[in-house]
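This is target.pdb. It holds PDB, C-alpha atoms.
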ATOM      1  CA  MET A 428      14.480  -8.778  12.526
ATOM      2  CA  ALA A 429      16.910  -8.482   9.606
ATOM      3  CA  GLN A 430      15.916  -4.837   9.128
ATOM      4  CA  VAL A 431      16.439  -4.167  12.838
ATOM      5  CA  ALA A 432      19.923  -5.666  12.760
ATOM      6  CA  GLN A 433      20.776  -3.731   9.601
ATOM      7  CA  ALA A 434      19.590  -0.463  11.178
ATOM      8  CA  ALA A 435      21.690  -1.072  14.274
ATOM      9  CA  ARG A 436      24.736  -1.782  12.098
ATOM     10  CA  MET A 437      24.217   1.420  10.097
ATOM     11  CA  MET A 438      24.287   3.459  13.282
ATOM     12  CA  THR A 439      27.271   1.713  14.855
ATOM     13  CA  ARG A 440      29.342   0.580  11.865
ATOM     14  CA  PRO A 441      28.837   3.234   9.185
ATOM     15  CA  ALA A 442      29.906   2.355   5.669
ATOM     16  CA  LYS A 443      31.801   5.628   5.398
ATOM     17  CA  SER A 444      34.059   7.415   7.880
ATOM     18  CA  PHE A 445      33.846  11.190   8.203
ATOM     19  CA  ALA A 446      36.461  13.649   9.386
ATOM     20  CA  ALA A 447      35.953  15.119  12.828
ATOM     21  CA  LEU A 448      35.409  18.559  11.295
ATOM     22  CA  SER A 449      32.474  17.369   9.199
ATOM     23  CA  ARG A 450      30.987  15.692  12.281
ATOM     24  CA  CYS A 451      31.470  18.908  14.298
ATOM     25  CA  VAL A 452      33.576  17.032  16.853
ATOM     26  CA  THR A 453      36.588  18.457  18.696
ATOM     27  CA  ASN A 454      38.051  16.201  21.363
ATOM     28  CA  PRO A 455      41.700  15.315  20.740
ATOM     29  CA  GLN A 456      42.090  12.966  23.692
ATOM     30  CA  PRO A 457      42.347   9.284  22.730
ATOM     31  CA  ALA A 458      39.577   6.792  23.184
ATOM     32  CA  LYS A 459      39.844   4.555  26.231
ATOM     33  CA  HIS A 460      38.624   0.967  26.458
ATOM     34  CA  ALA A 461      37.359   1.352  22.883
ATOM     35  CA  GLU A 462      36.459  -2.307  22.377
ATOM     36  CA  VAL A 463      34.306  -2.295  25.495
ATOM     37  CA  PHE A 464      32.470   0.864  24.527
ATOM     38  CA  SER A 465      31.921  -0.366  20.973
ATOM     39  CA  GLU A 466      30.249  -3.487  22.362
ATOM     40  CA  VAL A 467      28.132  -1.432  24.771
ATOM     41  CA  ARG A 468      27.056   0.803  21.927
ATOM     42  CA  GLU A 469      26.089  -2.093  19.669
ATOM     43  CA  ARG A 470      24.008  -3.714  22.397
ATOM     44  CA  LEU A 471      22.212  -0.462  23.177
ATOM     45  CA  PHE A 472      21.501   0.359  19.541
ATOM     46  CA  GLN A 473      20.183  -3.121  18.855
ATOM     47  CA  ALA A 474      17.716  -2.722  21.728
ATOM     48  CA  TYR A 475      16.809   0.805  20.561
ATOM     49  CA  ALA A 476      16.138  -0.403  17.008
ATOM     50  CA  GLU A 477      13.924  -3.249  18.259
ATOM     51  CA  ARG A 478      11.579  -0.829  20.038
ATOM     52  CA  THR A 479      11.746   2.046  17.510
ATOM     53  CA  PRO A 480      10.396   0.832  14.141
ATOM     54  CA  THR A 481      10.124   4.428  12.907
ATOM     55  CA  ALA A 482      13.906   4.784  13.130
ATOM     56  CA  VAL A 483      14.429   1.455  11.351
ATOM     57  CA  ARG A 484      12.150   2.586   8.543
ATOM     58  CA  ALA A 485      13.829   5.994   8.245
ATOM     59  CA  LEU A 486      17.281   4.433   8.054
ATOM     60  CA  ASP A 487      16.116   2.005   5.379
ATOM     61  CA  ILE A 488      14.637   4.870   3.333
ATOM     62  CA  LEU A 489      17.797   6.959   3.546
ATOM     63  CA  ALA A 490      20.200   4.094   2.916
ATOM     64  CA  SER A 491      18.192   2.915  -0.106
ATOM     65  CA  ARG A 492      18.725   6.373  -1.615
ATOM     66  CA  GLY A 493      22.462   6.237  -1.018
ATOM     67  CA  GLY A 494      22.584   8.255   2.203
ATOM     68  CA  SER A 495      25.677   8.022   4.424
ATOM     69  CA  ILE A 496      24.498   7.591   7.998
ATOM     70  CA  HIS A 497      26.251   9.160  10.972
ATOM     71  CA  ASN A 498      24.712   9.216  14.439
ATOM     72  CA  ASP A 499      25.272  12.729  15.774
ATOM     73  CA  HIS A 500      24.209  11.984  19.346
ATOM     74  CA  MET A 501      22.145   9.794  21.613
ATOM     75  CA  ALA A 502      20.193  11.022  24.624
ATOM     76  CA  LEU A 503      19.564   9.626  28.103
ATOM     77  CA  ARG A 504      17.221  10.840  30.853
ATOM     78  CA  SER A 505      17.645  10.608  34.629
ATOM     79  CA  PHE A 506      16.759  12.232  37.968
ATOM     80  CA  VAL A 507      18.236  14.066  40.961
ATOM     81  CA  ASP A 508      17.137  12.195  44.083
ATOM     82  CA  SER A 509      16.094  13.477  47.529
ATOM     83  CA  GLN A 510      19.709  13.523  48.735
ATOM     84  CA  GLY A 511      20.906  15.506  45.728
ATOM     85  CA  ARG A 512      22.534  12.501  44.075
ATOM     86  CA  SER A 513      22.800  13.272  40.372
ATOM     87  CA  GLY A 514      21.912  11.012  37.484
ATOM     88  CA  ARG A 515      23.963  13.226  35.216
ATOM     89  CA  GLU A 516      27.077  12.778  37.360
ATOM     90  CA  PHE A 517      26.379   9.044  37.590
ATOM     91  CA  PHE A 518      26.488   8.696  33.797
ATOM     92  CA  GLU A 519      29.355  11.134  33.482
ATOM     93  CA  THR A 520      31.404   8.569  35.432
ATOM     94  CA  ILE A 521      30.646   6.029  32.725
ATOM     95  CA  PHE A 522      31.232   8.098  29.602
ATOM     96  CA  THR A 523      34.397   9.857  30.732
ATOM     97  CA  HIS A 524      35.798   6.382  31.454
ATOM     98  CA  PHE A 525      35.779   5.828  27.676
ATOM     99  CA  GLY A 526      37.407   9.141  26.776
ATOM    100  CA  TYR A 527      34.405  11.407  26.398
ATOM    101  CA  ALA A 528      35.051  15.078  27.220
ATOM    102  CA  VAL A 529      32.724  17.003  29.549
ATOM    103  CA  GLU A 530      31.135  19.908  27.677
ATOM    104  CA  ASP A 531      28.528  22.613  28.351
ATOM    105  CA  SER A 532      25.674  22.536  30.821
ATOM    106  CA  LEU A 533      22.313  23.681  29.470
ATOM    107  CA  VAL A 534      19.234  25.350  30.844
ATOM    108  CA  ILE A 535      15.963  23.943  29.481
ATOM    109  CA  PRO A 536      13.380  26.775  29.516
ATOM    110  CA  GLY A 537      10.272  26.024  31.529
ATOM    111  CA  LEU A 538      11.474  22.623  32.735
ATOM    112  CA  CYS A 539      13.072  21.659  36.054
ATOM    113  CA  VAL A 540      15.761  19.769  34.140
ATOM    114  CA  ASN A 541      19.556  20.023  34.121
ATOM    115  CA  ALA A 542      21.418  18.868  31.021
ATOM    116  CA  ARG A 543      24.978  18.450  29.816
ATOM    117  CA  TRP A 544      26.561  17.005  26.720
ATOM    118  CA  TYR A 545      29.718  14.976  26.186
ATOM    119  CA  GLU A 546      32.056  14.947  23.181
ATOM    120  CA  PRO A 547      33.485  11.659  21.853
ATOM    121  CA  PRO A 548      37.175  11.328  20.976
ATOM    122  CA  GLU A 549      37.549  12.689  17.472
ATOM    123  CA  GLU A 550      39.439   9.555  16.375
ATOM    124  CA  THR A 551      36.206   7.536  16.789
ATOM    125  CA  ASN A 552      32.839   7.508  15.017
ATOM    126  CA  TRP A 553      31.048   7.497  18.373
ATOM    127  CA  PRO A 554      28.077   9.801  18.951
ATOM    128  CA  LYS A 555      27.938  12.761  21.254
ATOM    129  CA  ILE A 556      26.024  12.000  24.459
ATOM    130  CA  PHE A 557      23.259  14.251  25.782
ATOM    131  CA  VAL A 558      22.324  13.535  29.415
ATOM    132  CA  SER A 559      19.487  15.270  31.233
ATOM    133  CA  GLU A 560      18.200  14.948  34.799
ATOM    134  CA  MET A 561      14.990  16.101  36.448
ATOM    135  CA  ARG A 562      15.071  18.049  39.712
ATOM    136  CA  ILE A 563      12.348  16.072  41.448
ATOM    137  CA  ASP A 564      12.099  18.505  44.372
ATOM    138  CA  GLU A 565      10.520  21.106  42.068
ATOM    139  CA  LEU A 566       7.593  18.847  41.149
ATOM    140  CA  PRO A 567       4.303  18.743  43.084
ATOM    141  CA  ASP A 568       4.563  16.717  46.290
ATOM    142  CA  PRO A 569       2.386  13.786  45.084
ATOM    143  CA  ALA A 570       4.691  13.239  42.098
ATOM    144  CA  ALA A 571       7.866  13.740  44.138
ATOM    145  CA  GLU A 572       6.741  11.182  46.733
ATOM    146  CA  ILE A 573       6.217   8.505  44.083
ATOM    147  CA  LEU A 574       9.482   9.272  42.319
ATOM    148  CA  TYR A 575      11.621   9.378  45.458
ATOM    149  CA  ARG A 576      10.141   6.047  46.550
ATOM    150  CA  HIS A 577      11.677   4.419  43.488
ATOM    151  CA  VAL A 578      14.685   6.576  42.631
ATOM    152  CA  ASP A 579      16.333   7.232  45.992
ATOM    153  CA  GLY A 580      19.608   5.417  46.468
ATOM    154  CA  PHE A 581      20.137   4.361  42.861
ATOM    155  CA  TYR A 582      22.643   7.043  41.796
ATOM    156  CA  ASP A 583      25.581   5.750  43.796
ATOM    157  CA  VAL A 584      28.682   6.309  41.661
ATOM    158  CA  GLN A 585      30.106   3.053  43.019
ATOM    159  CA  ARG A 586      27.328   1.235  41.151
ATOM    160  CA  ALA A 587      28.542   2.810  37.897
ATOM    161  CA  LYS A 588      32.155   1.920  38.666
ATOM    162  CA  ALA A 589      31.191  -1.670  39.479
ATOM    163  CA  ALA A 590      29.464  -2.031  36.104
ATOM    164  CA  LEU A 591      32.546  -0.643  34.350
ATOM    165  CA  ALA A 592      34.704  -3.161  36.178
ATOM    166  CA  ASP A 593      32.400  -6.014  35.130
ATOM    167  CA  GLY A 594      32.604  -5.211  31.409
ATOM    168  CA  ALA A 595      30.425  -4.370  28.424
ATOM    169  CA  GLY A 596      27.500  -6.587  29.346
ATOM    170  CA  ALA A 597      27.122  -5.026  32.773
ATOM    171  CA  VAL A 598      27.340  -1.479  31.409
ATOM    172  CA  ALA A 599      24.784  -2.197  28.679
ATOM    173  CA  GLU A 600      22.426  -3.786  31.207
ATOM    174  CA  LEU A 601      22.799  -0.801  33.544
ATOM    175  CA  LEU A 602      21.790   1.567  30.752
ATOM    176  CA  GLU A 603      19.146  -0.504  28.997
ATOM    177  CA  THR A 604      17.266  -2.201  31.853
ATOM    178  CA  PRO A 605      14.815   0.074  33.722
ATOM    179  CA  PRO A 606      16.005   0.016  37.345
ATOM    180  CA  TRP A 607      12.584   0.787  38.854
ATOM    181  CA  ASN A 608       9.314  -1.058  38.671
ATOM    182  CA  PRO A 609       6.377   1.291  39.323
ATOM    183  CA  THR A 610       2.753   0.257  39.156
ATOM    184  CA  ALA A 611       0.495   1.486  36.372
ATOM    185  CA  GLN A 612      -1.441   3.405  39.012
ATOM    186  CA  GLU A 613       1.696   5.286  40.055
ATOM    187  CA  GLU A 614       2.548   6.161  36.469
ATOM    188  CA  GLN A 615      -0.978   7.351  35.775
ATOM    189  CA  ALA A 616      -1.112   9.345  39.039
ATOM    190  CA  ILE A 617       1.947  11.286  37.898
ATOM    191  CA  ARG A 618       0.548  11.906  34.409
ATOM    192  CA  GLN A 619      -2.768  13.059  35.890
ATOM    193  CA  LEU A 620      -0.971  15.960  37.588
ATOM    194  CA  GLY A 621       0.071  17.243  34.173
ATOM    195  CA  ARG A 622      -3.462  17.029  32.854
ATOM    196  CA  GLU A 623      -4.663  19.026  35.855
ATOM    197  CA  ASP A 624      -2.012  21.738  35.484
ATOM    198  CA  PRO A 625      -0.917  22.333  31.864
ATOM    199  CA  LYS A 626       1.930  24.598  33.043
ATOM    200  CA  ILE A 627       3.798  21.568  34.365
ATOM    201  CA  ASP A 628       2.621  19.065  31.776
ATOM    202  CA  ASN A 629       5.960  18.794  29.928
ATOM    203  CA  ALA A 630       7.850  18.234  33.178
ATOM    204  CA  ILE A 631       5.321  15.639  34.320
ATOM    205  CA  GLU A 632       5.561  13.798  31.001
ATOM    206  CA  TYR A 633       9.364  13.683  31.337
ATOM    207  CA  ALA A 634       9.034  12.321  34.882
ATOM    208  CA  ALA A 635       6.526   9.619  33.940
ATOM    209  CA  TRP A 636       8.570   8.510  30.929
ATOM    210  CA  THR A 637      11.791   8.251  32.927
ATOM    211  CA  LEU A 638      10.144   6.441  35.828
ATOM    212  CA  THR A 639       8.833   3.869  33.331
ATOM    213  CA  HIS A 640      11.826   3.476  31.001
ATOM    214  CA  GLY A 641      14.781   4.471  33.163
ATOM    215  CA  HIS A 642      17.982   5.250  31.300
ATOM    216  CA  ARG A 643      17.496   3.410  28.025
ATOM    217  CA  ILE A 644      18.198   5.420  24.887
ATOM    218  CA  ASN A 645      15.541   8.110  24.559
ATOM    219  CA  HIS A 646      16.542   8.936  20.981
ATOM    220  CA  VAL A 647      19.342   8.754  18.453
ATOM    221  CA  THR A 648      20.031  11.353  15.786
ATOM    222  CA  ILE A 649      20.920  11.341  12.088
ATOM    223  CA  LEU A 650      23.318  14.121  11.067
ATOM    224  CA  LEU A 651      22.241  15.809   7.827
ATOM    225  CA  ASN A 652      25.687  17.379   7.280
ATOM    226  CA  THR A 653      27.199  14.041   6.254
ATOM    227  CA  LEU A 654      24.121  12.420   4.667
ATOM    228  CA  GLY A 655      24.988  13.349   1.075
ATOM    229  CA  LEU A 656      21.564  12.890  -0.556
ATOM    230  CA  ASP A 657      20.771  14.654  -3.821
ATOM    231  CA  GLY A 658      17.966  17.158  -3.349
ATOM    232  CA  VAL A 659      18.278  17.115   0.436
ATOM    233  CA  GLN A 660      20.169  20.264   1.351
ATOM    234  CA  THR A 661      18.169  21.510   4.336
ATOM    235  CA  LEU A 662      16.496  19.945   7.325
ATOM    236  CA  ALA A 663      13.156  20.985   5.843
ATOM    237  CA  ASP A 664      14.051  18.882   2.770
ATOM    238  CA  LEU A 665      14.836  15.884   4.962
ATOM    239  CA  ASN A 666      11.660  16.323   6.995
ATOM    240  CA  ALA A 667       9.619  16.474   3.791
ATOM    241  CA  LEU A 668      11.262  13.361   2.338
ATOM    242  CA  LEU A 669      10.517  11.249   5.405
ATOM    243  CA  GLN A 670       7.025  12.679   5.835
ATOM    244  CA  SER A 671       6.269  11.775   2.220
ATOM    245  CA  GLN A 672       7.055   8.187   3.205
ATOM    246  CA  GLY A 673       4.542   8.269   6.043
ATOM    247  CA  LEU A 674       6.712   9.109   9.063
ATOM    248  CA  GLU A 675       4.897  11.173  11.684
ATOM    249  CA  PHE A 676       6.788  14.148  13.110
ATOM    250  CA  ASN A 677       6.539  15.977  16.424
ATOM    251  CA  PRO A 678       4.654  19.242  15.732
ATOM    252  CA  ALA A 679       6.553  21.157  18.404
ATOM    253  CA  GLY A 680       6.866  24.415  16.481
ATOM    254  CA  GLY A 681       9.385  26.260  14.361
ATOM    255  CA  THR A 682       8.775  28.207  11.202
ATOM    256  CA  ASP A 683       7.684  25.065   9.340
ATOM    257  CA  GLY A 684       5.871  23.505  12.297
ATOM    258  CA  TRP A 685       8.485  20.782  12.788
ATOM    259  CA  THR A 686      11.981  22.306  13.042
ATOM    260  CA  GLN A 687      13.500  23.546  16.286
ATOM    261  CA  GLY A 688      16.112  26.295  15.902
ATOM    262  CA  SER A 689      17.337  27.930  12.695
ATOM    263  CA  ARG A 690      20.429  28.736  10.657
ATOM    264  CA  ALA A 691      20.627  31.983  12.627
ATOM    265  CA  VAL A 692      21.455  30.016  15.805
ATOM    266  CA  ASP A 693      23.590  27.456  13.908
ATOM    267  CA  LEU A 694      21.436  24.483  14.900
ATOM    268  CA  GLU A 695      18.277  22.934  13.438
ATOM    269  CA  GLN A 696      16.570  19.839  14.832
ATOM    270  CA  SER A 697      13.373  17.893  14.235
ATOM    271  CA  SER A 698      12.032  14.617  15.584
ATOM    272  CA  THR A 699       9.480  11.906  14.999
ATOM    273  CA  ILE A 700       6.745  11.109  17.465
ATOM    274  CA  ALA A 701       7.853   8.372  19.850
ATOM    275  CA  ASP A 702       6.924   4.831  18.949
ATOM    276  CA  SER A 703       4.767   3.090  21.531
ATOM    277  CA  VAL A 704       5.542  -0.178  23.296
ATOM    278  CA  GLU A 705       3.621  -2.462  25.594
ATOM    279  CA  HIS A 706       5.035  -2.149  29.108
ATOM    280  CA  VAL A 707       4.301  -4.553  31.966
ATOM    281  CA  PHE A 708       4.081  -2.631  35.236
ATOM    282  CA  ALA A 709       4.700  -4.011  38.712
ATOM    283  CA  CYS A 710       0.978  -4.559  39.266
ATOM    284  CA  GLY A 711       0.823  -6.817  36.202
ATOM    285  CA  SER A 712      -1.020  -4.304  34.008
ATOM    286  CA  ARG A 713       0.055  -4.232  30.382
ATOM    287  CA  VAL A 714      -0.113  -0.671  29.118
ATOM    288  CA  THR A 715       0.853   0.878  25.789
ATOM    289  CA  VAL A 716       3.184   3.798  26.502
ATOM    290  CA  PRO A 717       5.367   6.120  24.367
ATOM    291  CA  CYS A 718       9.000   5.038  24.223
ATOM    292  CA  SER A 719      11.863   6.084  21.904
ATOM    293  CA  PHE A 720      12.016   8.242  18.769
ATOM    294  CA  LEU A 721      14.347   9.439  16.017
ATOM    295  CA  GLU A 722      15.854  12.910  15.743
ATOM    296  CA  LEU A 723      17.298  14.676  12.702
ATOM    297  CA  ILE A 724      19.892  17.427  13.043
ATOM    298  CA  GLN A 725      21.724  19.949  10.868
ATOM    299  CA  ARG A 726      24.678  21.866  12.262
ATOM    300  CA  HIS A 727      25.859  25.153  10.777
ATOM    301  CA  ASN A 728      29.249  26.898  10.956
ATOM    302  CA  GLY A 729      30.800  23.993  12.843
ATOM    303  CA  PHE A 730      28.501  24.406  15.867
ATOM    304  CA  ARG A 731      29.272  21.486  18.171
ATOM    305  CA  GLY A 732      26.836  21.843  21.016
ATOM    306  CA  PHE A 733      23.155  22.022  21.879
ATOM    307  CA  LEU A 734      20.538  24.681  22.679
ATOM    308  CA  GLY A 735      18.132  24.497  25.589
ATOM    309  CA  GLN A 736      15.201  25.970  23.670
ATOM    310  CA  ASN A 737      15.594  23.354  20.934
ATOM    311  CA  ALA A 738      15.849  20.571  23.512
ATOM    312  CA  LYS A 739      12.559  21.590  25.109
ATOM    313  CA  GLY A 740      10.717  20.994  21.838
ATOM    314  CA  ILE A 741      12.508  17.724  21.174
ATOM    315  CA  PHE A 742      11.669  16.434  24.675
ATOM    316  CA  SER A 743       7.950  16.654  23.866
ATOM    317  CA  SER A 744       8.270  13.836  21.304
ATOM    318  CA  THR A 745       7.544  11.388  24.130
ATOM    319  CA  ASN A 746       4.485  13.208  25.475
ATOM    320  CA  VAL A 747       1.402  11.004  25.558
ATOM    321  CA  GLN A 748      -0.706  13.566  23.681
ATOM    322  CA  ARG A 749       1.826  13.468  20.840
ATOM    323  CA  SER A 750       1.909   9.693  20.790
ATOM    324  CA  SER A 751      -0.513   6.818  21.069
ATOM    325  CA  GLN A 752      -2.792   7.267  24.069
ATOM    326  CA  PRO A 753      -2.024   4.708  26.792
ATOM    327  CA  ALA A 754      -4.622   1.999  27.077
ATOM    328  CA  ALA A 755      -4.543  -0.903  29.470
ATOM    329  CA  VAL A 756      -4.808  -4.351  27.938
ATOM    330  CA  ALA A 757      -5.377  -7.682  29.564
TER     331      ALA A 757
END
Transcribe the structure of this file into structure tokens.
Amino acid sequence: MAQVAQAARMMTRPAKSFAALSRCVTNPQPAKHAEVFSEVRERLFQAYAERTPTAVRALDILASRGGSIHNDHMALRSFVDSQGRSGREFFETIFTHFGYAVEDSLVIPGLCVNARWYEPPEETNWPKIFVSEMRIDELPDPAAEILYRHVDGFYDVQRAKAALADGAGAVAELLETPPWNPTAQEEQAIRQLGREDPKIDNAIEYAAWTLTHGHRINHVTILLNTLGLDGVQTLADLNALLQSQGLEFNPAGGTDGWTQGSRAVDLEQSSTIADSVEHVFACGSRVTVPCSFLELIQRHNGFRGFLGQNAKGIFSSTNVQRSSQPAAVA
């Protein structure tokens, strides 16, 4: 537990502050309700660290070598319901309340997913926020029926505003606690559709993960630009260091098999395979399912944003076939 607490502190209370330019952040507006957001962030990162031992281990490895940790961004997943209510807009209400600036929308190739990112006030050490949402109406009817049964009606902006009015605890609970409680049979019925049609497998995996875990942190990201480790100049160097220590990476492609993007597009990203957790479904079944993971990122030429093609590869870190296979236990 001490390592978990230390990892959460490293991500939320870095030992060293970095200029906005080195963090590739440009948002001059002041932070709002900073104490509240700082508490929300600490609660969320503590919960993330508890369920993501790979991230805890990576942070310990890097810190023990003198690395300076900065969290580039954290990512959340959501849905668009049958009435067109948007998870992305729901969470935009929350983050803009704290001074985050609305940035670019992204297209994720081959996935029925909208995405947008949000820039923190440059006076803070807060991470960027990457929010995605699945367009359920583009999934096969059997999956859409299950998802709408649980999701419909949740994304009422008034719910977000009520949590903000109630304070840090309410906001953290809204983000961390899965709001739906599907059965294991429902989750497996959705995943089965991906096994039957590989063309939609990535979308189906996203849907099943988000139905199970809701809006808890999907991943956090270590920024290589500010890490300052001798012998670690490229993302390939960082990948190799952590792999040499036994961390398992998502083999989603790239020239080295692990890295999404390149210097040519000013953005390189890699990610570990999601750690698995035991989840208790509504039917009482205890099933081991993929949960959260760690991302690594290197930004070039001050590039601040994100790329849809990179995101597609990163998303697959939570796919069952890239993680521990789910197996029901007593």
In Å to one decimal, how far is CA of Trp685 (chain A) from CA of Leu566 (chain A)?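 Calculated distance between CA of Leu566 (chain A) and CA of Trp685 (chain A) is 28.4 Å.
Comparing the minimum interatomic distances between Phe720 (chain A) and each of A:Asp579, A:Asp499, A:Glu572, A:Glu675, counting only C-alpha atoms, we find that A:Glu675 sits nearest.
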Which residues come within 6 Å of region 692-704 of chain A, counting all atoms listed in the file, excluding same-chain residues fewer than 6 positions away, as a list of chain:residue names? A:Thr479, A:Glu675, A:Phe676, A:Asn677, A:Trp685, A:Thr686, A:Thr715, A:Val716, A:Pro717, A:Cys718, A:Ser719, A:Phe720, A:Leu721, A:Glu722, A:Leu723, A:Ile724, A:Gln725, A:Arg726, A:His727, A:Ser744, A:Thr745
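Nearest residue to Gly580 (chain A), choosing from A:Glu603, A:Asp508, A:Asp593, A:Asp564 and counting all atoms listed in the file: A:Asp508.
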Polymer residues at most 12 Å from Gln619 (chain A), all atoms listed in the file, same-chain spacing of 3 or more positions, as a PyMOL selection string: chain A and resi 567+569-570+612-616+622-625+627-628+631-632+634-635+747
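Every residue that the PyMOL selection byres ((chain A and resi 461-471) around 7) selects in this file is listed here: Thr439, Ala458, Lys459, His460, Phe472, Gln473, Ala474, Tyr475, Phe525, Gly594, Ala595, Gly596, Val598, Ala599 and Glu603 of chain A.
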Please provide as a PyMOL selection string all residues within 9 Å of Ala738 (chain A), with the sequence filter that same-chain residues fewer than 3 positions apart are discarded (counting only C-alpha atoms). chain A and resi 535-536+687+696+733-735+741-743
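Applied to the file shown here, the PyMOL selection byres ((chain A and resi 493) around 12) selects A:Ala442, A:Lys443, A:Leu486, A:Asp487, A:Ile488, A:Leu489, A:Ala490, A:Ser491, A:Arg492, A:Gly494, A:Ser495, A:Ile496, A:Thr653, A:Leu654, A:Gly655, A:Leu656, A:Asp657, A:Val659.
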Run the PyMOL selection byres ((chain A and resi 553) around 9) against the file shown and list the residues it catches, as an mmCIF file with C-alpha atoms, in the frame of the given file.
data_model
loop_
_atom_site.group_PDB
_atom_site.id
_atom_site.type_symbol
_atom_site.label_atom_id
_atom_site.label_comp_id
_atom_site.auth_asym_id
_atom_site.auth_seq_id
_atom_site.Cartn_x
_atom_site.Cartn_y
_atom_site.Cartn_z
ATOM 1 C CA THR A 439 27.271 1.713 14.855
ATOM 2 C CA SER A 465 31.921 -0.366 20.973
ATOM 3 C CA ARG A 468 27.056 0.803 21.927
ATOM 4 C CA HIS A 497 26.251 9.160 10.972
ATOM 5 C CA ASN A 498 24.712 9.216 14.439
ATOM 6 C CA ASP A 499 25.272 12.729 15.774
ATOM 7 C CA HIS A 500 24.209 11.984 19.346
ATOM 8 C CA GLU A 546 32.056 14.947 23.181
ATOM 9 C CA PRO A 547 33.485 11.659 21.853
ATOM 10 C CA PRO A 548 37.175 11.328 20.976
ATOM 11 C CA GLU A 549 37.549 12.689 17.472
ATOM 12 C CA GLU A 550 39.439 9.555 16.375
ATOM 13 C CA THR A 551 36.206 7.536 16.789
ATOM 14 C CA ASN A 552 32.839 7.508 15.017
ATOM 15 C CA PRO A 554 28.077 9.801 18.951
ATOM 16 C CA LYS A 555 27.938 12.761 21.254
#
Pick from A:Asn666, A:Tyr582, A:His577, A:Pro457, whichever lies nearest to Glu519 (chain A) using all atoms listed in the file: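 Between A:Asn666, A:Tyr582, A:His577, A:Pro457, the residue approaching Glu519 (chain A) most closely is A:Tyr582.
Among the candidate residues A:Ala502, A:Cys539, A:Ala528, A:Met437, the one lying nearest to Lys626 (chain A) is A:Cys539, with distances computed using all atoms listed in the file.
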Please provide as a PyMOL selection string all residues within 12 Å of Val529 (chain A), with the sequence filter that same-chain residues fewer than 3 positions apart are discarded (counting all atoms listed in the file). chain A and resi 453-454+456+515-516+518-526+532+542-548+555-558+732
When you draw a straight line from CA of His642 (chain A) to CA of Glu477 (chain A), how long is it in Å?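 CA of His642 (chain A) sits 16.1 Å away from CA of Glu477 (chain A).
Interatomic distance, CA of Ala485 (chain A) to CA of Asn746 (chain A): 20.9 Å.
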Determine the nearest neighbour of Pro609 (chain A) from the options A:Thr639, A:Ser559, A:Gln736, A:Gln510, counting only C-alpha atoms. A:Thr639
Box centre and edge lengths (Å, one decimal), axis-aligned, region 645-664 of chain A plus 4 Å each side, as AutoDock Vina command-line options:
--center_x 20.2 --center_y 14.8 --center_z 10.4 --size_x 22.0 --size_y 21.4 --size_z 36.4
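Of the listed residues (A:Arg450, A:Val483, A:Glu565, A:Glu600), A:Val483 comes nearest to Ala429 (chain A); the distances count only C-alpha atoms.
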